[in-house]
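**Student:** My structure is in structure-v2.cif, and what it holds is mmCIF, C-alpha atoms and all ligand atoms:
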data_structure
loop_
_atom_site.label_atom_id
_atom_site.label_comp_id
_atom_site.auth_asym_id
_atom_site.auth_seq_id
_atom_site.Cartn_x
_atom_site.Cartn_y
_atom_site.Cartn_z
CA MET A 244 -18.81 -25.14 -7.70
CA LYS A 245 -18.15 -25.54 -3.98
CA ILE A 246 -19.59 -27.51 -1.15
CA VAL A 247 -18.92 -27.23 2.53
CA LEU A 248 -17.89 -30.33 4.44
CA ALA A 249 -18.76 -30.22 8.12
CA SER A 250 -15.94 -32.32 9.51
CA LYS A 251 -12.96 -31.96 11.79
CA ASN A 252 -11.48 -35.25 10.63
CA LYS A 253 -8.52 -34.61 8.32
CA GLY A 254 -8.46 -38.17 6.92
CA LYS A 255 -12.10 -37.87 5.94
CA ARG A 256 -11.54 -34.46 4.40
CA ARG A 257 -8.63 -35.75 2.32
CA GLU A 258 -10.86 -38.49 0.94
CA PHE A 259 -13.65 -36.03 0.05
CA GLU A 260 -11.22 -33.64 -1.67
CA ASN A 261 -9.60 -36.45 -3.63
CA PHE A 262 -12.95 -37.64 -4.84
CA LEU A 263 -14.45 -34.33 -5.84
CA LYS A 264 -11.44 -32.60 -7.36
CA ALA A 265 -11.98 -34.40 -10.67
CA LEU A 266 -15.35 -32.65 -10.86
CA ASN A 267 -13.78 -29.31 -10.14
CA ILE A 268 -15.72 -29.11 -6.90
CA LYS A 269 -13.96 -27.27 -4.12
CA VAL A 270 -14.45 -28.67 -0.65
CA ILE A 271 -14.52 -26.00 2.03
CA PRO A 272 -14.00 -27.24 5.59
CA PHE A 273 -16.44 -26.30 8.36
CA GLU A 274 -14.74 -27.26 11.58
CA LYS A 275 -17.18 -26.42 14.33
CA ASP A 276 -17.34 -28.91 17.19
CA ILE A 277 -20.77 -30.47 16.80
CA GLU A 278 -21.98 -32.84 19.49
CA GLU A 279 -23.04 -36.14 17.95
CA ARG A 280 -26.23 -36.80 19.86
CA GLY A 281 -27.82 -39.13 17.32
CA LEU A 282 -28.31 -42.86 17.70
CA THR A 283 -27.78 -43.52 13.99
CA PHE A 284 -25.18 -42.54 11.40
CA PHE A 285 -27.93 -40.76 9.47
CA GLU A 286 -29.01 -38.61 12.43
CA ASN A 287 -25.44 -37.50 13.12
CA ALA A 288 -24.65 -36.77 9.47
CA CYS A 289 -27.86 -34.74 9.27
CA LEU A 290 -26.97 -32.75 12.36
CA LYS A 291 -23.54 -31.79 10.99
CA ALA A 292 -24.79 -30.87 7.51
CA LYS A 293 -27.78 -28.85 8.79
CA ILE A 294 -25.75 -26.73 11.20
CA SER A 295 -23.19 -26.09 8.48
CA PHE A 296 -25.85 -25.05 5.96
CA GLU A 297 -27.55 -22.77 8.46
CA GLU A 298 -24.29 -20.96 9.17
CA THR A 299 -22.77 -20.80 5.68
CA LYS A 300 -25.82 -20.88 3.33
CA ILE A 301 -23.67 -22.96 0.97
CA PRO A 302 -24.63 -26.55 0.02
CA SER A 303 -23.28 -28.52 2.98
CA ALA A 304 -22.36 -32.14 3.49
CA GLY A 305 -22.05 -33.96 6.78
CA GLU A 306 -20.75 -37.51 6.99
CA ASP A 307 -21.03 -39.92 9.84
CA SER A 308 -19.28 -43.23 9.73
CA GLY A 309 -18.04 -46.01 11.90
CA LEU A 310 -17.14 -49.60 12.36
CA VAL A 311 -19.88 -52.13 13.08
CA VAL A 312 -18.64 -55.41 14.61
CA ASP A 313 -21.10 -58.30 14.40
CA CYS A 314 -20.07 -60.21 17.53
CA LEU A 315 -20.27 -56.98 19.56
CA TYR A 316 -23.88 -56.39 18.47
CA GLY A 317 -22.85 -53.49 16.24
CA MET A 318 -20.43 -51.72 18.59
CA PRO A 319 -18.50 -49.44 18.34
CA GLY A 320 -20.91 -48.11 15.65
CA VAL A 321 -21.80 -44.46 16.19
CA PHE A 322 -19.34 -44.47 19.11
CA SER A 323 -16.37 -45.41 16.89
CA ASN A 324 -14.61 -42.09 17.37
CA ARG A 325 -14.96 -42.24 21.16
CA PHE A 326 -14.80 -45.99 21.81
CA HIS A 327 -12.00 -45.59 24.33
CA GLU A 328 -11.07 -41.92 24.11
CA LYS A 329 -12.50 -39.26 21.79
CA GLY A 330 -10.33 -38.71 18.73
CA ASN A 331 -7.60 -41.10 19.92
CA ASP A 332 -7.39 -43.59 17.05
CA ARG A 333 -4.58 -45.64 18.59
CA LYS A 334 -6.38 -46.18 21.91
CA ASN A 335 -9.69 -46.90 20.17
CA ARG A 336 -8.04 -49.58 18.02
CA LYS A 337 -6.29 -51.10 21.01
CA ARG A 338 -9.53 -51.33 22.97
CA LEU A 339 -11.21 -53.17 20.11
CA LEU A 340 -8.28 -55.59 19.70
CA ASP A 341 -8.30 -56.26 23.46
CA ILE A 342 -12.03 -56.96 23.51
CA LEU A 343 -11.72 -59.40 20.61
CA LYS A 344 -8.67 -61.18 22.03
CA GLY A 345 -9.12 -64.95 21.75
CA ARG A 346 -11.91 -64.71 19.18
CA PRO A 347 -11.27 -66.84 16.09
CA PHE A 348 -11.22 -65.31 12.62
CA ASN A 349 -14.79 -66.32 11.74
CA GLU A 350 -16.13 -64.35 14.73
CA ARG A 351 -14.34 -61.15 13.74
CA LYS A 352 -16.69 -60.08 10.96
CA ALA A 353 -17.19 -56.32 10.69
CA ARG A 354 -18.20 -53.59 8.32
CA PHE A 355 -17.49 -49.93 7.83
CA VAL A 356 -20.59 -47.81 7.29
CA SER A 357 -20.79 -44.29 5.86
CA CYS A 358 -23.77 -41.98 5.60
CA ILE A 359 -23.46 -38.64 3.83
CA VAL A 360 -26.23 -36.05 4.06
CA LEU A 361 -26.21 -33.03 1.76
CA PHE A 362 -28.33 -30.00 2.62
CA THR A 363 -29.04 -27.85 -0.44
CA SER A 364 -31.49 -25.53 1.32
CA SER A 365 -32.74 -25.24 4.89
CA ASP A 366 -35.52 -27.77 4.34
CA LYS A 367 -34.13 -29.98 1.61
CA TYR A 368 -31.57 -32.73 1.97
CA PHE A 369 -30.29 -35.81 0.13
CA VAL A 370 -28.83 -38.99 1.63
CA PHE A 371 -26.01 -41.22 0.27
CA ASN A 372 -24.98 -44.50 1.92
CA GLY A 373 -22.05 -46.89 1.56
CA GLU A 374 -20.75 -50.03 3.30
CA VAL A 375 -17.77 -52.35 3.01
CA GLU A 376 -17.44 -55.77 4.67
CA GLY A 377 -14.32 -57.24 6.23
CA PHE A 378 -12.80 -58.67 9.41
CA ILE A 379 -11.01 -57.26 12.42
CA ASP A 380 -7.44 -58.50 12.11
CA PHE A 381 -5.48 -59.94 15.07
CA GLU A 382 -2.97 -57.09 15.10
CA GLU A 383 -2.27 -53.73 13.48
CA LYS A 384 -0.90 -53.81 9.96
CA GLY A 385 0.10 -50.80 7.88
CA THR A 386 0.25 -47.09 8.55
CA GLN A 387 -1.95 -45.62 5.81
CA GLY A 388 -5.35 -44.04 6.38
CA PHE A 389 -6.74 -43.23 9.79
CA GLY A 390 -8.99 -44.57 12.54
CA TYR A 391 -9.48 -48.34 12.42
CA ASP A 392 -7.78 -48.77 9.01
CA PRO A 393 -4.75 -50.73 10.32
CA ILE A 394 -6.98 -53.42 11.88
CA PHE A 395 -9.70 -53.65 9.20
CA LEU A 396 -8.87 -56.58 6.95
CA TYR A 397 -10.31 -56.43 3.44
CA PRO A 398 -10.43 -60.13 2.52
CA GLN A 399 -10.54 -59.71 -1.28
CA LEU A 400 -7.04 -58.17 -1.21
CA GLY A 401 -5.77 -59.95 1.92
CA LYS A 402 -4.67 -56.60 3.32
CA THR A 403 -5.84 -54.16 5.94
CA PHE A 404 -6.99 -50.70 4.84
CA GLY A 405 -3.85 -49.48 6.63
CA GLN A 406 -1.76 -51.33 4.03
CA LEU A 407 -3.58 -49.85 1.04
CA PRO A 408 -2.66 -46.62 -0.73
CA LEU A 409 -5.41 -43.99 -0.66
CA GLU A 410 -6.12 -44.49 -4.39
CA ILE A 411 -7.08 -48.11 -3.71
CA LYS A 412 -9.04 -47.39 -0.52
CA ASN A 413 -10.90 -44.68 -2.43
CA ARG A 414 -12.19 -47.31 -4.85
CA ILE A 415 -13.53 -49.81 -2.35
CA SER A 416 -14.33 -48.16 0.96
CA HIS A 417 -17.69 -47.39 2.54
CA ARG A 418 -17.02 -43.67 2.09
CA ALA A 419 -15.96 -44.23 -1.53
CA LYS A 420 -19.31 -45.88 -2.22
CA ALA A 421 -21.30 -43.11 -0.56
CA LEU A 422 -19.10 -40.49 -2.29
CA MET A 423 -19.68 -42.17 -5.64
CA GLU A 424 -23.43 -41.69 -5.17
CA LEU A 425 -22.90 -38.08 -4.08
CA LYS A 426 -20.71 -37.49 -7.12
CA LYS A 427 -23.38 -38.84 -9.50
CA PHE A 428 -25.94 -36.60 -7.82
CA LEU A 429 -23.71 -33.52 -8.10
CA ILE A 430 -23.00 -34.16 -11.80
CA LYS A 431 -26.73 -34.43 -12.48
CA ASN A 432 -27.77 -31.41 -10.42
CA GLU A 433 -24.76 -29.11 -10.60
CA SER A 434 -26.57 -26.30 -12.39
CA SER A 435 -29.29 -26.08 -9.74
CA PHE A 436 -26.99 -24.94 -6.95
CA SER A 437 -23.65 -23.76 -8.34
P1 LIG B 1 -16.32 -35.48 12.12
O1 LIG B 1 -17.50 -35.90 12.97
O2 LIG B 1 -15.77 -34.16 12.51
O3 LIG B 1 -16.60 -35.63 10.66
P2 LIG B 1 -15.12 -37.82 13.30
O4 LIG B 1 -13.76 -38.46 13.27
O5 LIG B 1 -15.69 -37.50 14.66
O6 LIG B 1 -15.11 -36.52 12.40
P3 LIG B 1 -17.25 -39.64 12.93
O7 LIG B 1 -17.99 -39.05 14.08
O8 LIG B 1 -17.99 -39.95 11.67
O9 LIG B 1 -16.06 -38.72 12.48
O10 LIG B 1 -16.51 -40.91 13.46
C1 LIG B 1 -16.02 -41.78 12.56
C2 LIG B 1 -15.03 -42.68 13.27
O11 LIG B 1 -15.19 -43.99 12.69
C3 LIG B 1 -13.62 -42.25 12.93
O12 LIG B 1 -13.09 -41.39 13.91
C4 LIG B 1 -12.89 -43.57 12.88
O13 LIG B 1 -12.59 -43.99 14.17
C5 LIG B 1 -13.96 -44.51 12.30
N1 LIG B 1 -13.88 -44.52 10.83
C6 LIG B 1 -14.79 -44.01 9.94
N2 LIG B 1 -14.37 -44.15 8.69
C7 LIG B 1 -13.18 -44.74 8.75
C8 LIG B 1 -12.23 -45.12 7.79
O14 LIG B 1 -12.41 -44.89 6.48
N3 LIG B 1 -11.12 -45.69 8.20
C9 LIG B 1 -10.89 -45.92 9.50
N4 LIG B 1 -11.72 -45.57 10.49
C10 LIG B 1 -12.86 -44.99 10.12
#
Once you've parsed the file, please lay out its structure as structure tokens.
Ligand code: ITT
**Tutor:**
Amino acid sequence: MKIVLASKNKGKRREFENFLKALNIKVIPFEKDIEERGLTFFENACLKAKISFEETKIPSAGEDSGLVVDCLYGMPGVFSNRFHEKGNDRKNRKRLLDILKGRPFNERKARFVSCIVLFTSSDKYFVFNGEVEGFIDFEEKGTQGFGYDPIFLYPQLGKTFGQLPLEIKNRISHRAKALMELKKFLIKNESSFS
């Protein structure tokens, strides 16, 4: 079985492939530049998956995710990828660290949010959500992962996502949780669209 993943983000794609390879599901990339006009993660994920399905006619997933910081009223949120400069993870992280400078630990609460939408026909879609809570650390730690991983502290392990190997991140992350739901759905419904 194969599904198309409408994403240009290599880190994201690696996580999808890792998750679905055990099910023998091939993930085919769809790398069109799709403008994220939505105001919610759901709207943007829907947009990506729908365009991909319309062009490929293969079950298509879109994922939109981001970092929601409580003391910034939810920013960067859907703007995570373009908080300072589109696609520039290092500058985006730096901007967030600069904005939070001087804030004590208890005001640095944040969560990663992931919404996956799977289109299985032009008028039928399924939604899978995941979240993980943590804190924005005071400085970058670790070089694993992508995006905000080096500054997202996961308190249960006392480490940032940037310090965790992919196998561990793939057990606890927002995307892992949404992917887990997608995986259950695919196992249950495989025969209907393989
Ligand atoms: P596509 O839209 O092509 O899938 P993208 O990078 O633009 O790729 P999003 O619009 O969903 O993806 O933006 C998500 C941004 O949120 C991403 O660029 C990171 O900055 C951040 N982000 C999401 N998940 C993350 C994770 O697991 N680790 C670190 N940062 C993450």
**Student:** Around ligand LIG 1 (chain B), with edges along x, y and z and 8 Å added on all six sides, what centre and edge lengths do you get, in Å to one decimal, as lines of an AutoDock Vina configuration file?
**Tutor:**
center_x = -14.4
center_y = -40.0
center_z = 10.6
size_x = 23.1
size_y = 27.8
size_z = 24.2
**Student:** Could you tell me how far atom CA of A:Arg333 sits from atom CA of A:Asp313, in Å to one decimal place?
**Tutor:**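 Between atom CA of A:Asp313 and atom CA of A:Arg333 the gap works out to 21.2 Å.
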**Student:** Do you have the atom CA of A:Pro302-atom CA of A:Ala265 distance handy?
**Tutor:**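 Those two atoms sit 18.3 Å apart.
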**Student:** Please identify all polymer residues within 8 Å of stretch 283-297 of chain A, counting all atoms listed in the file, omitting same-chain residues fewer than 4 positions from it, and present them as a ChimeraX atom specification.
**Tutor:** /A:247-250,273,277,279,301-309,321,357-365
**Student:** How would the residues just picked look written out with C-alpha atoms as a tab-separated table (two decimals), in the frame of the given file?
**Tutor:**
chain	number	residue	atom	x	y	z
A	247	VAL	CA	-18.92	-27.23	2.53
A	248	LEU	CA	-17.89	-30.33	4.44
A	249	ALA	CA	-18.76	-30.22	8.12
A	250	SER	CA	-15.94	-32.32	9.51
A	273	PHE	CA	-16.44	-26.30	8.36
A	277	ILE	CA	-20.77	-30.47	16.80
A	279	GLU	CA	-23.04	-36.14	17.95
A	301	ILE	CA	-23.67	-22.96	0.97
A	302	PRO	CA	-24.63	-26.55	0.02
A	303	SER	CA	-23.28	-28.52	2.98
A	304	ALA	CA	-22.36	-32.14	3.49
A	305	GLY	CA	-22.05	-33.96	6.78
A	306	GLU	CA	-20.75	-37.51	6.99
A	307	ASP	CA	-21.03	-39.92	9.84
A	308	SER	CA	-19.28	-43.23	9.73
A	309	GLY	CA	-18.04	-46.01	11.90
A	321	VAL	CA	-21.80	-44.46	16.19
A	357	SER	CA	-20.79	-44.29	5.86
A	358	CYS	CA	-23.77	-41.98	5.60
A	359	ILE	CA	-23.46	-38.64	3.83
A	360	VAL	CA	-26.23	-36.05	4.06
A	361	LEU	CA	-26.21	-33.03	1.76
A	362	PHE	CA	-28.33	-30.00	2.62
A	363	THR	CA	-29.04	-27.85	-0.44
A	364	SER	CA	-31.49	-25.53	1.32
A	365	SER	CA	-32.74	-25.24	4.89
**Student:** Identify, counting all atoms listed in the file, the protein, DNA and RNA residues located within 9 Å of ligand LIG 1 (chain B), and give them as a VMD selection string.
**Tutor:** chain A and resid 248 to 256 258 273 to 279 284 287 to 288 291 305 to 310 319 to 326 329 to 332 335 to 336 355 to 358 388 to 395 404 to 405 412 416 to 419
**Student:** Distance atom CA of A:Leu425-atom CA of A:Asn372, one decimal place?
**Tutor:**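 Computing the Euclidean distance for atom CA of A:Leu425 and atom CA of A:Asn372 yields 9.0 Å.
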**Student:** Which residue out of A:Arg346, A:Lys245, A:Lys352, A:Lys427 has the minimum interatomic distance to A:Lys300 when only C-alpha atoms are used?
**Tutor:**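 When distances to A:Lys300 are compared using only C-alpha atoms, the smallest one comes from A:Lys245.
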**Student:** Residues within 12 Å of A:Ile415, please, as a PyMOL selection string. Count only C-alpha atoms; anything in the same chain fewer than 4 positions from it doesn't count.
**Tutor:** chain A and resi 355+373-377+397-400+404+407-411+419-423
**Student:** Take the residues from that selection and write them out as a PDB file, in the coordinates of the input, keeping C-alpha atoms.
**Tutor:**
ATOM      1  CA  PHE A 355     -17.490 -49.930   7.830  1.00  0.00           C
ATOM      2  CA  GLY A 373     -22.050 -46.890   1.560  1.00  0.00           C
ATOM      3  CA  GLU A 374     -20.750 -50.030   3.300  1.00  0.00           C
ATOM      4  CA  VAL A 375     -17.770 -52.350   3.010  1.00  0.00           C
ATOM      5  CA  GLU A 376     -17.440 -55.770   4.670  1.00  0.00           C
ATOM      6  CA  GLY A 377     -14.320 -57.240   6.230  1.00  0.00           C
ATOM      7  CA  TYR A 397     -10.310 -56.430   3.440  1.00  0.00           C
ATOM      8  CA  PRO A 398     -10.430 -60.130   2.520  1.00  0.00           C
ATOM      9  CA  GLN A 399     -10.540 -59.710  -1.280  1.00  0.00           C
ATOM     10  CA  LEU A 400      -7.040 -58.170  -1.210  1.00  0.00           C
ATOM     11  CA  PHE A 404      -6.990 -50.700   4.840  1.00  0.00           C
ATOM     12  CA  LEU A 407      -3.580 -49.850   1.040  1.00  0.00           C
ATOM     13  CA  PRO A 408      -2.660 -46.620  -0.730  1.00  0.00           C
ATOM     14  CA  LEU A 409      -5.410 -43.990  -0.660  1.00  0.00           C
ATOM     15  CA  GLU A 410      -6.120 -44.490  -4.390  1.00  0.00           C
ATOM     16  CA  ILE A 411      -7.080 -48.110  -3.710  1.00  0.00           C
ATOM     17  CA  ALA A 419     -15.960 -44.230  -1.530  1.00  0.00           C
ATOM     18  CA  LYS A 420     -19.310 -45.880  -2.220  1.00  0.00           C
ATOM     19  CA  ALA A 421     -21.300 -43.110  -0.560  1.00  0.00           C
ATOM     20  CA  LEU A 422     -19.100 -40.490  -2.290  1.00  0.00           C
ATOM     21  CA  MET A 423     -19.680 -42.170  -5.640  1.00  0.00           C
TER      22      MET A 423
END
**Student:** I want to know what sits within 12 Å of A:Leu266, based on all atoms listed in the file, with residues of the same chain fewer than 4 positions away left out; could you give that as a PyMOL selection string?
**Tutor:** chain A and resi 244-246+259-262+270+423+425-431+433
**Student:** Would you mind listing what lies within 12 Å of A:Phe381 as a list of chain:residue names, with all atoms listed in the file counted and same-chain residues fewer than 6 positions away left out?
**Tutor:**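 What passes the distance filter is A:Arg336, A:Lys337, A:Leu339, A:Leu340, A:Asp341, A:Ile342, A:Leu343, A:Lys344, A:Gly345, A:Arg346, A:Pro347, A:Phe348, A:Asn349, A:Glu350, A:Arg351, A:Lys352, A:Pro393, A:Ile394, A:Phe395, A:Leu396, A:Thr403.
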**Student:** Write out the residues from the selection above, keeping C-alpha atoms, as a JSON list (two decimals), keeping the file's coordinate frame.
**Tutor:**
[["chain", "number", "residue", "atom", "x", "y", "z"],
["A", 336, "ARG", "CA", -8.04, -49.58, 18.02],
["A", 337, "LYS", "CA", -6.29, -51.10, 21.01],
["A", 339, "LEU", "CA", -11.21, -53.17, 20.11],
["A", 340, "LEU", "CA", -8.28, -55.59, 19.70],
["A", 341, "ASP", "CA", -8.30, -56.26, 23.46],
["A", 342, "ILE", "CA", -12.03, -56.96, 23.51],
["A", 343, "LEU", "CA", -11.72, -59.40, 20.61],
["A", 344, "LYS", "CA", -8.67, -61.18, 22.03],
["A", 345, "GLY", "CA", -9.12, -64.95, 21.75],
["A", 346, "ARG", "CA", -11.91, -64.71, 19.18],
["A", 347, "PRO", "CA", -11.27, -66.84, 16.09],
["A", 348, "PHE", "CA", -11.22, -65.31, 12.62],
["A", 349, "ASN", "CA", -14.79, -66.32, 11.74],
["A", 350, "GLU", "CA", -16.13, -64.35, 14.73],
["A", 351, "ARG", "CA", -14.34, -61.15, 13.74],
["A", 352, "LYS", "CA", -16.69, -60.08, 10.96],
["A", 393, "PRO", "CA", -4.75, -50.73, 10.32],
["A", 394, "ILE", "CA", -6.98, -53.42, 11.88],
["A", 395, "PHE", "CA", -9.70, -53.65, 9.20],
["A", 396, "LEU", "CA", -8.87, -56.58, 6.95],
["A", 403, "THR", "CA", -5.84, -54.16, 5.94]]
**Student:** My list of candidates is A:Glu382, A:Arg338, A:Glu298, A:Ala353. Which is closest to A:Gly317 when distances are computed with only C-alpha atoms?
**Tutor:**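 Ranked by minimum distance to A:Gly317, first place goes to A:Ala353.
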